[in-house]
>>> print(open('query-v6.csv').read())   # CSV, C-alpha atoms and all ligand atoms
chain,number,residue,atom,x,y,z
A,17,MET,CA,77.9,104.0,72.5
A,18,LEU,CA,79.4,103.2,75.9
A,19,ARG,CA,77.2,102.9,78.9
A,20,PHE,CA,76.9,101.1,82.2
A,21,LEU,CA,74.6,100.4,85.2
A,22,THR,CA,75.4,99.2,88.6
A,23,ALA,CA,73.1,97.4,91.1
A,24,GLY,CA,73.6,96.1,94.7
A,25,GLU,CA,73.3,97.1,98.3
A,26,SER,CA,76.2,97.6,100.6
A,27,HIS,CA,75.3,94.5,102.8
A,28,GLY,CA,73.4,92.7,100.1
A,29,LYS,CA,74.6,89.5,98.4
A,30,ALA,CA,76.7,91.2,95.7
A,31,LEU,CA,77.3,94.2,93.6
A,32,VAL,CA,76.7,94.0,89.8
A,33,ALA,CA,77.7,96.1,86.8
A,34,ILE,CA,76.8,95.8,83.2
A,35,LEU,CA,79.1,97.6,80.8
A,36,GLU,CA,78.1,97.8,77.1
A,37,GLY,CA,80.1,99.2,74.2
A,38,ILE,CA,83.6,97.9,74.8
A,39,PRO,CA,84.9,96.7,71.4
A,40,SER,CA,85.8,93.0,70.8
A,41,GLY,CA,89.3,91.8,71.0
A,42,LEU,CA,90.4,93.6,74.2
A,43,LYS,CA,92.5,91.3,76.4
A,44,LEU,CA,90.7,91.0,79.8
A,45,GLN,CA,90.9,88.8,82.8
A,46,SER,CA,89.5,89.1,86.3
A,47,GLU,CA,93.0,89.7,87.8
A,48,ASP,CA,93.2,93.0,85.9
A,49,ILE,CA,90.1,94.2,87.6
A,50,ASP,CA,91.0,92.7,91.0
A,51,LYS,CA,94.1,94.8,91.1
A,52,ASP,CA,92.1,98.0,91.0
A,53,LEU,CA,89.5,96.7,93.4
A,54,LYS,CA,92.3,96.1,95.9
A,55,ARG,CA,93.7,99.6,95.3
A,56,ARG,CA,90.2,101.0,96.1
A,57,GLN,CA,90.1,99.2,99.4
A,58,ARG,CA,93.5,100.4,100.7
A,59,GLY,CA,94.3,103.6,102.5
A,60,TYR,CA,95.1,104.9,106.0
A,61,GLY,CA,92.0,105.8,107.9
A,62,ARG,CA,89.6,103.2,106.4
A,63,GLY,CA,87.3,101.4,108.8
A,64,GLY,CA,86.7,97.7,109.8
A,65,ARG,CA,84.6,96.8,106.7
A,66,MET,CA,87.7,96.9,104.5
A,67,SER,CA,89.3,94.1,106.5
A,68,ILE,CA,86.3,91.9,106.0
A,69,GLU,CA,85.8,92.5,102.2
A,70,LYS,CA,88.5,91.2,99.9
A,71,ASP,CA,86.9,92.3,96.7
A,72,ARG,CA,87.2,90.0,93.7
A,73,VAL,CA,85.3,90.2,90.4
A,74,GLU,CA,83.6,87.4,88.6
A,75,ILE,CA,83.3,88.1,84.9
A,76,LEU,CA,79.9,86.6,84.0
A,77,SER,CA,79.7,87.5,80.3
A,78,GLY,CA,81.2,89.4,77.4
A,79,VAL,CA,84.6,87.7,77.5
A,80,ARG,CA,85.7,84.5,75.9
A,81,PHE,CA,89.2,82.9,75.9
A,82,GLY,CA,90.6,86.0,77.7
A,83,LYS,CA,89.3,88.6,75.1
A,84,THR,CA,86.2,90.7,75.0
A,85,LEU,CA,83.4,89.7,72.6
A,86,GLY,CA,81.8,93.2,72.1
A,87,SER,CA,78.8,92.0,74.0
A,88,PRO,CA,77.7,93.4,77.4
A,89,ILE,CA,80.3,92.6,80.1
A,90,ALA,CA,78.6,91.6,83.3
A,91,LEU,CA,80.7,91.9,86.4
A,92,LEU,CA,79.9,90.5,89.9
A,93,ILE,CA,81.5,91.4,93.2
A,94,ARG,CA,80.3,89.3,96.1
A,95,ASN,CA,79.9,90.9,99.6
A,96,LEU,CA,81.8,88.5,101.8
A,97,ASP,CA,80.0,89.9,104.8
A,98,TRP,CA,76.6,88.8,103.4
A,99,PRO,CA,76.2,85.7,105.7
A,100,ASN,CA,76.2,88.1,108.7
A,101,TRP,CA,73.5,90.2,107.0
A,102,SER,CA,71.3,87.6,105.3
A,103,GLN,CA,68.5,88.2,107.9
A,104,ILE,CA,68.7,92.0,108.0
A,105,MET,CA,69.0,92.2,104.2
A,106,SER,CA,66.7,89.3,103.4
A,107,ILE,CA,65.2,89.3,99.9
A,108,GLU,CA,62.3,87.3,101.2
A,109,GLU,CA,59.7,88.7,103.5
A,110,ILE,CA,60.4,88.1,107.2
A,111,PRO,CA,58.4,88.9,110.4
A,112,GLN,CA,58.9,92.7,111.0
A,113,LYS,CA,59.5,92.2,114.7
A,114,GLU,CA,62.8,90.4,113.9
A,115,VAL,CA,64.3,93.5,112.4
A,116,SER,CA,65.1,96.6,114.4
A,117,LEU,CA,64.4,99.8,112.5
A,118,LEU,CA,67.0,102.5,112.0
A,119,THR,CA,65.2,105.8,112.6
A,120,SER,CA,67.9,108.4,113.4
A,121,PRO,CA,69.2,109.9,110.2
A,122,ARG,CA,72.9,110.9,109.9
A,123,PRO,CA,73.5,114.5,108.9
A,124,GLY,CA,75.4,114.6,105.6
A,125,HIS,CA,73.9,111.3,104.3
A,126,ALA,CA,71.0,110.5,102.1
A,127,ASP,CA,69.3,109.1,105.2
A,128,LEU,CA,66.6,111.7,105.8
A,129,SER,CA,66.0,112.9,102.3
A,130,GLY,CA,66.0,109.3,101.0
A,131,ALA,CA,63.5,108.1,103.7
A,132,ILE,CA,61.2,111.1,102.9
A,133,LYS,CA,61.4,110.6,99.1
A,134,TYR,CA,60.9,106.8,99.1
A,135,ASN,CA,58.5,106.7,102.0
A,136,PHE,CA,60.6,104.4,104.3
A,137,LYS,CA,60.4,104.0,108.1
A,138,ASP,CA,63.7,102.2,108.2
A,139,ILE,CA,66.7,104.2,107.1
A,140,ARG,CA,68.6,101.0,106.2
A,141,CYS,CA,66.5,100.9,103.0
A,142,VAL,CA,68.3,104.2,102.0
A,143,LEU,CA,71.8,103.8,103.3
A,144,GLU,CA,72.4,100.4,101.8
A,145,ARG,CA,72.3,101.8,98.3
A,146,ALA,CA,73.5,105.3,99.0
A,147,SER,CA,76.7,103.9,100.6
A,148,ALA,CA,80.0,104.3,98.7
A,149,ARG,CA,80.3,100.5,98.7
A,150,GLU,CA,78.6,100.9,95.3
A,151,THR,CA,81.8,102.4,94.0
A,152,ALA,CA,83.4,98.9,94.0
A,153,ALA,CA,81.2,98.2,90.9
A,154,ARG,CA,82.3,101.5,89.3
A,155,VAL,CA,85.9,100.7,89.9
A,156,ALA,CA,85.5,97.3,88.1
A,157,VAL,CA,83.9,99.1,85.1
A,158,GLY,CA,86.7,101.7,85.1
A,159,SER,CA,89.3,99.0,85.2
A,160,VAL,CA,88.0,97.6,81.9
A,161,CYS,CA,88.0,101.1,80.4
A,162,ARG,CA,91.5,101.8,81.6
A,163,LYS,CA,92.7,98.6,79.8
A,164,LEU,CA,91.2,100.0,76.6
A,165,LEU,CA,92.8,103.4,77.1
A,166,GLU,CA,96.2,101.8,77.6
A,167,GLU,CA,95.9,100.2,74.2
A,168,LEU,CA,95.7,103.7,72.8
A,169,GLY,CA,98.6,105.0,74.9
A,170,ILE,CA,96.4,106.9,77.3
A,171,TYR,CA,97.4,106.5,81.0
A,172,LEU,CA,95.8,107.7,84.3
A,173,TYR,CA,97.5,108.6,87.5
A,174,SER,CA,96.1,109.9,90.9
A,175,ARG,CA,97.5,111.2,94.1
A,176,VAL,CA,96.3,112.8,97.3
A,177,ILE,CA,97.3,116.4,97.8
A,178,GLN,CA,95.4,117.3,100.9
A,179,ILE,CA,94.0,115.7,104.1
A,180,GLY,CA,92.1,118.2,106.3
A,181,LYS,CA,94.4,121.3,106.3
A,182,VAL,CA,97.6,119.4,105.6
A,183,LYS,CA,98.6,120.1,102.0
A,184,ASP,CA,101.2,118.7,99.6
A,185,GLU,CA,101.8,121.7,97.5
A,186,SER,CA,104.7,120.2,95.4
A,187,SER,CA,104.2,120.0,91.7
A,188,TRP,CA,104.9,116.5,90.1
A,189,ASP,CA,105.4,114.6,87.0
A,190,PRO,CA,103.8,111.1,87.0
A,191,THR,CA,107.0,109.3,86.1
A,192,PRO,CA,107.2,105.5,86.9
A,193,GLU,CA,109.5,106.3,89.9
A,194,ASN,CA,107.1,108.9,91.4
A,195,TYR,CA,104.2,106.7,90.8
A,196,LYS,CA,105.7,103.8,92.6
A,197,ILE,CA,106.0,106.0,95.7
A,198,ILE,CA,102.4,107.0,95.4
A,199,GLU,CA,101.1,103.4,94.9
A,200,ASP,CA,103.2,102.3,98.0
A,201,SER,CA,102.0,105.2,100.2
A,202,PRO,CA,99.1,104.4,102.6
A,203,LEU,CA,97.7,107.8,101.6
A,204,ARG,CA,98.7,108.0,97.9
A,205,CYS,CA,101.0,110.9,98.9
A,206,LEU,CA,104.2,111.6,97.0
A,207,ASN,CA,105.8,113.6,99.8
A,208,LYS,CA,106.9,111.4,102.8
A,209,LYS,CA,107.2,114.3,105.3
A,210,ILE,CA,103.6,115.5,104.4
A,211,GLU,CA,102.4,111.9,104.5
A,212,GLU,CA,103.6,111.7,108.2
A,213,LYS,CA,101.6,114.9,109.0
A,214,MET,CA,98.5,113.5,107.3
A,215,ILE,CA,98.8,110.3,109.2
A,216,SER,CA,99.1,112.1,112.6
A,217,LEU,CA,96.0,114.2,111.6
A,218,ILE,CA,94.0,111.1,110.9
A,219,ASP,CA,95.1,109.6,114.2
A,220,GLU,CA,94.0,112.7,116.0
A,221,ALA,CA,90.6,112.7,114.2
A,222,LYS,CA,90.2,109.0,115.2
A,223,LYS,CA,91.0,109.7,118.8
A,224,LYS,CA,88.5,112.6,118.9
A,225,LYS,CA,85.9,110.3,117.3
A,226,ASP,CA,85.8,112.7,114.3
A,227,THR,CA,86.4,112.4,110.5
A,228,LEU,CA,88.3,114.1,107.7
A,229,GLY,CA,88.2,114.8,104.0
A,230,GLY,CA,90.7,116.2,101.6
A,231,ILE,CA,91.7,116.7,97.9
A,232,PHE,CA,92.9,114.3,95.3
A,233,GLU,CA,94.3,115.0,91.8
A,234,ILE,CA,94.1,113.0,88.6
A,235,VAL,CA,96.4,113.4,85.6
A,236,VAL,CA,95.6,111.8,82.3
A,237,LYS,CA,98.5,111.6,79.9
A,238,GLY,CA,98.5,110.7,76.2
A,239,VAL,CA,95.1,112.3,75.3
A,240,PRO,CA,95.2,113.7,71.8
A,241,PRO,CA,93.7,117.1,71.0
A,242,GLY,CA,90.1,116.9,69.8
A,243,LEU,CA,88.2,114.8,72.4
A,244,GLY,CA,84.9,116.3,73.5
A,245,SER,CA,83.2,119.2,71.7
A,246,TYR,CA,82.1,122.8,72.1
A,247,ILE,CA,79.0,122.1,69.9
A,248,GLN,CA,76.6,121.1,72.7
A,249,TRP,CA,76.8,121.6,76.5
A,250,ASP,CA,76.6,117.9,77.2
A,251,ASN,CA,79.4,117.0,74.9
A,252,LYS,CA,81.9,119.2,76.6
A,253,LEU,CA,84.7,117.0,78.0
A,254,ASP,CA,85.3,119.1,81.1
A,255,ALA,CA,81.6,119.1,81.9
A,256,ARG,CA,81.4,115.3,81.5
A,257,LEU,CA,84.5,114.7,83.7
A,258,ALA,CA,83.2,117.1,86.4
A,259,LYS,CA,79.8,115.3,86.5
A,260,ALA,CA,81.5,111.9,86.7
A,261,ILE,CA,83.7,113.0,89.6
A,262,MET,CA,80.9,114.8,91.4
A,263,SER,CA,78.9,111.6,91.2
A,264,ILE,CA,81.3,110.0,93.7
A,265,GLN,CA,79.9,109.9,97.2
A,266,ALA,CA,81.2,112.8,99.3
A,267,ILE,CA,82.8,114.8,96.5
A,268,LYS,CA,81.8,118.5,96.9
A,269,GLY,CA,84.0,120.3,94.4
A,270,VAL,CA,85.9,119.6,91.1
A,271,GLU,CA,88.6,121.7,89.5
A,272,VAL,CA,90.0,121.5,86.0
A,273,GLY,CA,93.5,122.8,85.7
A,274,ILE,CA,94.2,125.6,88.1
A,275,GLY,CA,90.4,125.8,88.6
A,276,PHE,CA,89.4,128.3,91.4
A,277,GLN,CA,92.8,129.9,91.4
A,278,ALA,CA,92.2,131.1,87.8
A,279,ALA,CA,89.5,133.4,89.2
A,280,GLN,CA,92.0,135.5,91.2
A,281,GLU,CA,94.8,135.8,88.6
A,282,PHE,CA,95.3,138.1,85.5
A,283,GLY,CA,94.4,136.6,82.1
A,284,SER,CA,98.0,137.0,80.9
A,285,TYR,CA,99.1,134.5,83.6
A,286,VAL,CA,96.1,132.1,83.3
A,287,GLN,CA,96.0,131.5,79.5
A,288,ASP,CA,98.5,129.0,78.2
A,289,GLU,CA,100.3,130.5,75.2
A,290,ILE,CA,100.6,128.4,72.0
A,291,PHE,CA,103.8,127.2,70.5
A,292,TYR,CA,104.7,124.9,67.6
A,293,LYS,CA,107.7,122.6,66.8
A,294,GLU,CA,107.7,120.0,64.1
A,295,GLU,CA,108.6,117.2,66.4
A,296,LYS,CA,106.1,118.3,69.1
A,297,LEU,CA,103.3,119.8,66.9
A,298,PHE,CA,101.2,122.4,68.8
A,299,TYR,CA,102.1,122.6,72.5
A,300,ARG,CA,102.0,124.8,75.6
A,301,GLU,CA,104.8,125.6,78.0
A,302,LYS,CA,102.4,125.5,81.0
A,303,ASN,CA,99.1,123.8,81.5
A,304,ASN,CA,96.8,126.0,83.6
A,305,ALA,CA,93.8,124.9,81.5
A,306,GLY,CA,94.3,121.3,82.6
A,307,GLY,CA,94.4,120.1,79.1
A,308,ILE,CA,90.9,121.2,78.1
A,309,GLU,CA,89.8,124.4,76.3
A,310,GLY,CA,86.3,125.0,75.0
A,311,GLY,CA,85.2,121.6,76.1
A,312,ILE,CA,87.8,119.9,73.9
A,313,SER,CA,91.1,118.2,74.9
A,314,ASN,CA,94.1,120.3,73.7
A,315,GLY,CA,96.8,117.6,73.7
A,316,GLU,CA,98.3,118.6,77.1
A,317,PRO,CA,97.8,116.3,80.1
A,318,ILE,CA,94.3,116.5,81.6
A,319,ILE,CA,94.5,117.7,85.2
A,320,LEU,CA,91.5,117.3,87.6
A,321,ARG,CA,91.2,117.9,91.3
A,322,ALA,CA,88.4,116.9,93.6
A,323,ALA,CA,87.4,118.0,97.1
A,324,MET,CA,86.0,115.3,99.4
A,325,LYS,CA,84.1,116.3,102.5
A,326,PRO,CA,84.8,114.6,105.8
A,327,ILE,CA,83.0,111.2,106.3
A,328,SER,CA,79.5,111.8,107.6
A,329,THR,CA,79.2,108.9,110.1
A,330,LEU,CA,80.9,109.9,113.3
A,331,ALA,CA,81.9,107.6,116.2
A,332,GLN,CA,80.6,110.4,118.4
A,333,PRO,CA,77.2,110.8,116.7
A,334,LEU,CA,75.8,114.2,115.8
A,335,ARG,CA,72.4,115.5,116.8
A,336,SER,CA,69.4,114.3,114.8
A,337,VAL,CA,65.6,113.7,115.0
A,338,ASP,CA,63.9,110.3,115.1
A,339,ILE,CA,61.9,110.1,111.9
A,340,ILE,CA,59.0,108.2,113.6
A,341,THR,CA,58.7,109.9,117.1
A,342,LYS,CA,60.1,113.3,115.9
A,343,LYS,CA,62.0,113.4,119.2
A,344,ARG,CA,65.5,114.7,119.5
A,345,THR,CA,68.1,111.8,119.2
A,346,LYS,CA,71.7,111.0,118.2
A,347,ALA,CA,72.4,109.9,114.6
A,348,ILE,CA,73.0,106.2,113.8
A,349,LYS,CA,76.5,104.9,114.5
A,350,GLU,CA,77.3,102.6,111.6
A,351,ARG,CA,80.8,101.0,111.1
A,352,ALA,CA,82.7,103.8,109.2
A,353,ASP,CA,85.9,105.2,107.8
A,354,VAL,CA,87.7,108.1,109.5
A,355,CYS,CA,89.1,109.2,106.1
A,356,ALA,CA,88.8,107.7,102.6
A,357,VAL,CA,90.4,110.2,100.3
A,358,PRO,CA,93.0,107.7,98.9
A,359,SER,CA,90.1,105.3,97.9
A,360,ALA,CA,88.2,108.2,96.4
A,361,ALA,CA,91.2,109.0,94.2
A,362,VAL,CA,91.1,105.4,92.8
A,363,ILE,CA,87.4,105.7,92.2
A,364,GLY,CA,88.1,109.0,90.5
A,365,GLU,CA,90.5,107.3,88.1
A,366,ALA,CA,87.7,104.8,87.3
A,367,VAL,CA,85.0,107.3,86.5
A,368,VAL,CA,87.4,109.4,84.5
A,369,SER,CA,88.5,106.3,82.5
A,370,PHE,CA,84.9,105.6,81.6
A,371,GLU,CA,84.2,109.1,80.5
A,372,ILE,CA,87.3,109.3,78.3
A,373,VAL,CA,86.5,105.9,76.7
A,374,ARG,CA,83.0,107.2,76.1
A,375,THR,CA,84.3,110.2,74.1
A,376,VAL,CA,86.9,108.1,72.3
A,377,LYS,CA,84.2,105.7,71.2
A,378,GLU,CA,82.0,108.5,70.0
A,379,LYS,CA,84.8,110.0,67.9
A,380,PHE,CA,86.5,106.9,66.6
A,381,GLY,CA,83.8,104.2,66.8
A,382,GLY,CA,85.2,100.7,66.3
A,383,ASP,CA,83.3,97.4,66.9
A,384,SER,CA,86.6,95.6,67.3
A,385,LEU,CA,89.8,96.8,69.0
A,386,GLN,CA,91.6,96.5,65.6
A,387,GLU,CA,89.0,98.8,64.0
A,388,LEU,CA,89.2,101.4,66.8
A,389,LYS,CA,93.0,101.4,66.7
A,390,ARG,CA,93.0,101.8,62.9
A,391,ASN,CA,90.6,104.8,63.2
A,392,TYR,CA,92.6,106.2,66.0
A,393,GLN,CA,95.9,105.9,64.1
A,394,ASN,CA,94.4,107.6,61.1
A,395,TYR,CA,93.5,110.5,63.3
A,396,LEU,CA,97.0,110.7,64.8
A,397,ASN,CA,98.4,110.7,61.2
A,398,TYR,CA,96.0,113.6,60.3
A,399,LEU,CA,97.3,115.5,63.4
A,400,LYS,CA,100.9,115.1,62.0
A,401,SER,CA,99.8,116.2,58.6
A,402,ILE,CA,98.3,119.6,59.5
A,501,LIG,C1,85.6,105.6,99.3
A,501,LIG,C2,84.5,106.2,100.2
A,501,LIG,C3,84.2,105.7,101.4
A,501,LIG,C4,83.3,106.2,102.2
A,501,LIG,N1,83.1,105.7,103.5
A,501,LIG,C5,82.1,106.2,104.3
A,501,LIG,C6,81.9,105.7,105.6
A,501,LIG,O1,82.5,104.8,106.0
A,501,LIG,N2,80.9,106.3,106.3
A,501,LIG,C7,80.2,107.3,105.9
A,501,LIG,O2,79.3,107.8,106.6
A,501,LIG,N3,80.4,107.9,104.7
A,501,LIG,C8,81.3,107.3,103.8
A,501,LIG,N4,81.5,107.9,102.6
A,501,LIG,C9,80.7,109.1,102.2
A,501,LIG,C10,79.3,108.8,102.0
A,501,LIG,O3,79.1,107.7,101.1
A,501,LIG,C11,78.6,110.0,101.4
A,501,LIG,O4,78.9,111.2,102.1
A,501,LIG,C12,77.1,109.9,101.5
A,501,LIG,O5,76.7,108.8,100.6
A,501,LIG,C13,76.3,111.1,101.1
A,501,LIG,O6,76.5,111.6,99.8
A,501,LIG,P1,77.1,113.0,99.5
A,501,LIG,O7,78.2,113.2,100.6
A,501,LIG,O8,77.7,112.9,98.2
A,501,LIG,O9,76.1,114.0,99.7
A,501,LIG,C14,82.5,107.3,101.8
A,501,LIG,C15,82.7,107.8,100.5
A,501,LIG,C16,83.7,107.3,99.7
A,501,LIG,C17,84.0,107.8,98.3
>>> encode(input="query-v6.csv", output="structure tokens")
Amino acid sequence: MLRFLTAGESHGKALVAILEGIPSGLKLQSEDIDKDLKRRQRGYGRGGRMSIEKDRVEILSGVRFGKTLGSPIALLIRNLDWPNWSQIMSIEEIPQKEVSLLTSPRPGHADLSGAIKYNFKDIRCVLERASARETAARVAVGSVCRKLLEELGIYLYSRVIQIGKVKDESSWDPTPENYKIIEDSPLRCLNKKIEEKMISLIDEAKKKKDTLGGIFEIVVKGVPPGLGSYIQWDNKLDARLAKAIMSIQAIKGVEVGIGFQAAQEFGSYVQDEIFYKEEKLFYREKNNAGGIEGGISNGEPIILRAAMKPISTLAQPLRSVDIITKKRTKAIKERADVCAVPSAAVIGEAVVSFEIVRTVKEKFGGDSLQELKRNYQNYLNYLKSI
């Protein structure tokens, strides 16, 4: 079984994750994780916080001499901004008059519903945990999972295909050359001309004190047919991946394959006809299903898309109501991003990595990496034998 939990507040001392179920023998060092943490922090349109935080992981347990032990892997990411927040976020009790309460909830955030649910008079008690800063811990977890997937020849790629109304409608193949362009792009956009338009739109939003969302795409290559199951609703691979992606802050829609477009096309176009060649085994000439049919991977690349809404905190705050006085007011103005779709794409890779490792572990088991690889290879041999 693979599972993880995260803890930590946005301006608390640190973020923590405990990941359990990674087999022994996987090479792992903190630099592997730091690379992905850095990727999460980049992106045109991000706010001032990202220039303060230079995320680095400390691996506290589960690794010895550069290899996993099979025991829980505890990961710690310190918030470098903590010294400036040690009073406001004090663990110890301090006189209440020394802390000013946040009482104007931001539309689009957990602020109001969270304050009602947990009975808080200070919205900071909500926003500190609801914030997407938490995703740094999830990216660290995903980074470990991605290393394991690479051992099995499974690779993940992401790119941004829309910011506001500016779309990159080109199709792509995640070749190393293409992927270098994406990794070097401030918006994870493959198309330079579209990237320029996206940048201007973000500049315009910033000038207008407004925010933007967009769409990112994830491709997973090397997944064999047979991951996930149609037997129970909660074992369906598409359902698990959709849930994982929807759990990212500000994601409001997920597509598998051509997704919503499928609803408007004829069946003869939508379904991917089946072919067979000895050297390729079963294959499809197109991939509208996004690599999943009946909740099971079909051997084609998994293709997922996610829609992120615009950032909720506006430099020109929206109308709200004070939770104590009930008088009309303007929402809180916290330090915020104008657009964070490229970061969300990296977080998407992380949560998808975790879910795929989870289904891999369920199918192939393996307490050690050797055992997992042996079981996996047996299955690949079986695929060739049918
Ligand atoms: C990478 C990333 C960065 C974000 N940055 C901000 C931000 O700076 N300010 C903000 O108000 N919301 C930001 N959000 C979105 C909020 O966290 C999110 O809208 C909020 O927690 C409410 O959750 P919901 O939109 O899923 O309903 C960010 C989301 C992500 C994924």
>>> residues_near_ligand(input="query-v6.csv", ligand="ligand LIG 501 (chain A)", cutoff="6 Å", atoms="all atoms listed in the file", output="VMD selection string")
chain A and resid 124 to 126 146 to 148 264 to 267 327 to 329 352 to 353 356 359 to 360
>>> closest_residue(input="query-v6.csv", among="A:Arg72, A:Arg390, A:Arg300, A:Arg321", to="Ala258 in chain A", atoms="all atoms listed in the file")
A:Arg321
>>> atom_distance(input="query-v6.csv", atom1="CA of Ile132 in chain A", atom2="CA of Glu144 in chain A")
15.5 Å
>>> closest_residue(input="query-v6.csv", among="A:Gly283, A:His27, A:Phe136, A:Gly78", to="Asn100 in chain A", atoms="all atoms listed in the file")
A:His27
>>> residues_near_point(input="query-v6.csv", point="(89.5, 101.3, 67.4)", cutoff="12 Å", atoms="all atoms listed in the file", output="JSON, numbers by chain")
{"A": [37, 38, 39, 40, 41, 42, 164, 165, 167, 168, 373, 376, 377, 378, 379, 380, 381, 382, 383, 384, 385, 386, 387, 388, 389, 390, 391, 392, 393, 394, 395]}
>>> closest_residue(input="query-v6.csv", among="A:Tyr299, A:Tyr398, A:Tyr173, A:Tyr60", to="Glu233 in chain A", atoms="only C-alpha atoms")
A:Tyr173
>>> residues_near_point(input="query-v6.csv", point="(88.5, 130.6, 75.6)", cutoff="9 Å", atoms="only C-alpha atoms", output="PyMOL selection string")
chain A and resi 287+309-310
>>> atom_distance(input="query-v6.csv", atom1="CA of Ala156 in chain A", atom2="CA of Glu47 in chain A")
10.7 Å
>>> residues_around(input="query-v6.csv", residues="range 216-225 of chain A", least_positions_apart="6", cutoff="7 Å", atoms="all atoms listed in the file", output="list in words")
Gly61, Leu330, Ala331, Gln332 and Val354 of chain A
>>> residues_around(input="query-v6.csv", residues="range 105-110 of chain A", least_positions_apart="2", cutoff="10 Å", atoms="only C-alpha atoms", output="number ranges by chain")
A: 25-29, 98-103, 112-115, 140-141, 144
>>> atom_distance(input="query-v6.csv", atom1="CA of Asn207 in chain A", atom2="CA of Lys268 in chain A")
24.7 Å
>>> closest_atom_pairs(input="query-v6.csv", of="range 131-205 of chain A", to="range 235-256 of chain A", cutoff="8 Å", atoms="all atoms listed in the file", output="tab-separated table")
residue	atom	partner	partner_atom	distance
A:Gly169	CA	A:Gly238	CA	5.8
A:Ile170	CA	A:Gly238	CA	4.5
A:Tyr171	CA	A:Lys237	CA	5.3
A:Leu172	CA	A:Val236	CA	4.6
A:Tyr173	CA	A:Val235	CA	5.3
A:Ser174	CA	A:Val235	CA	6.4
A:Pro190	CA	A:Val235	CA	7.9
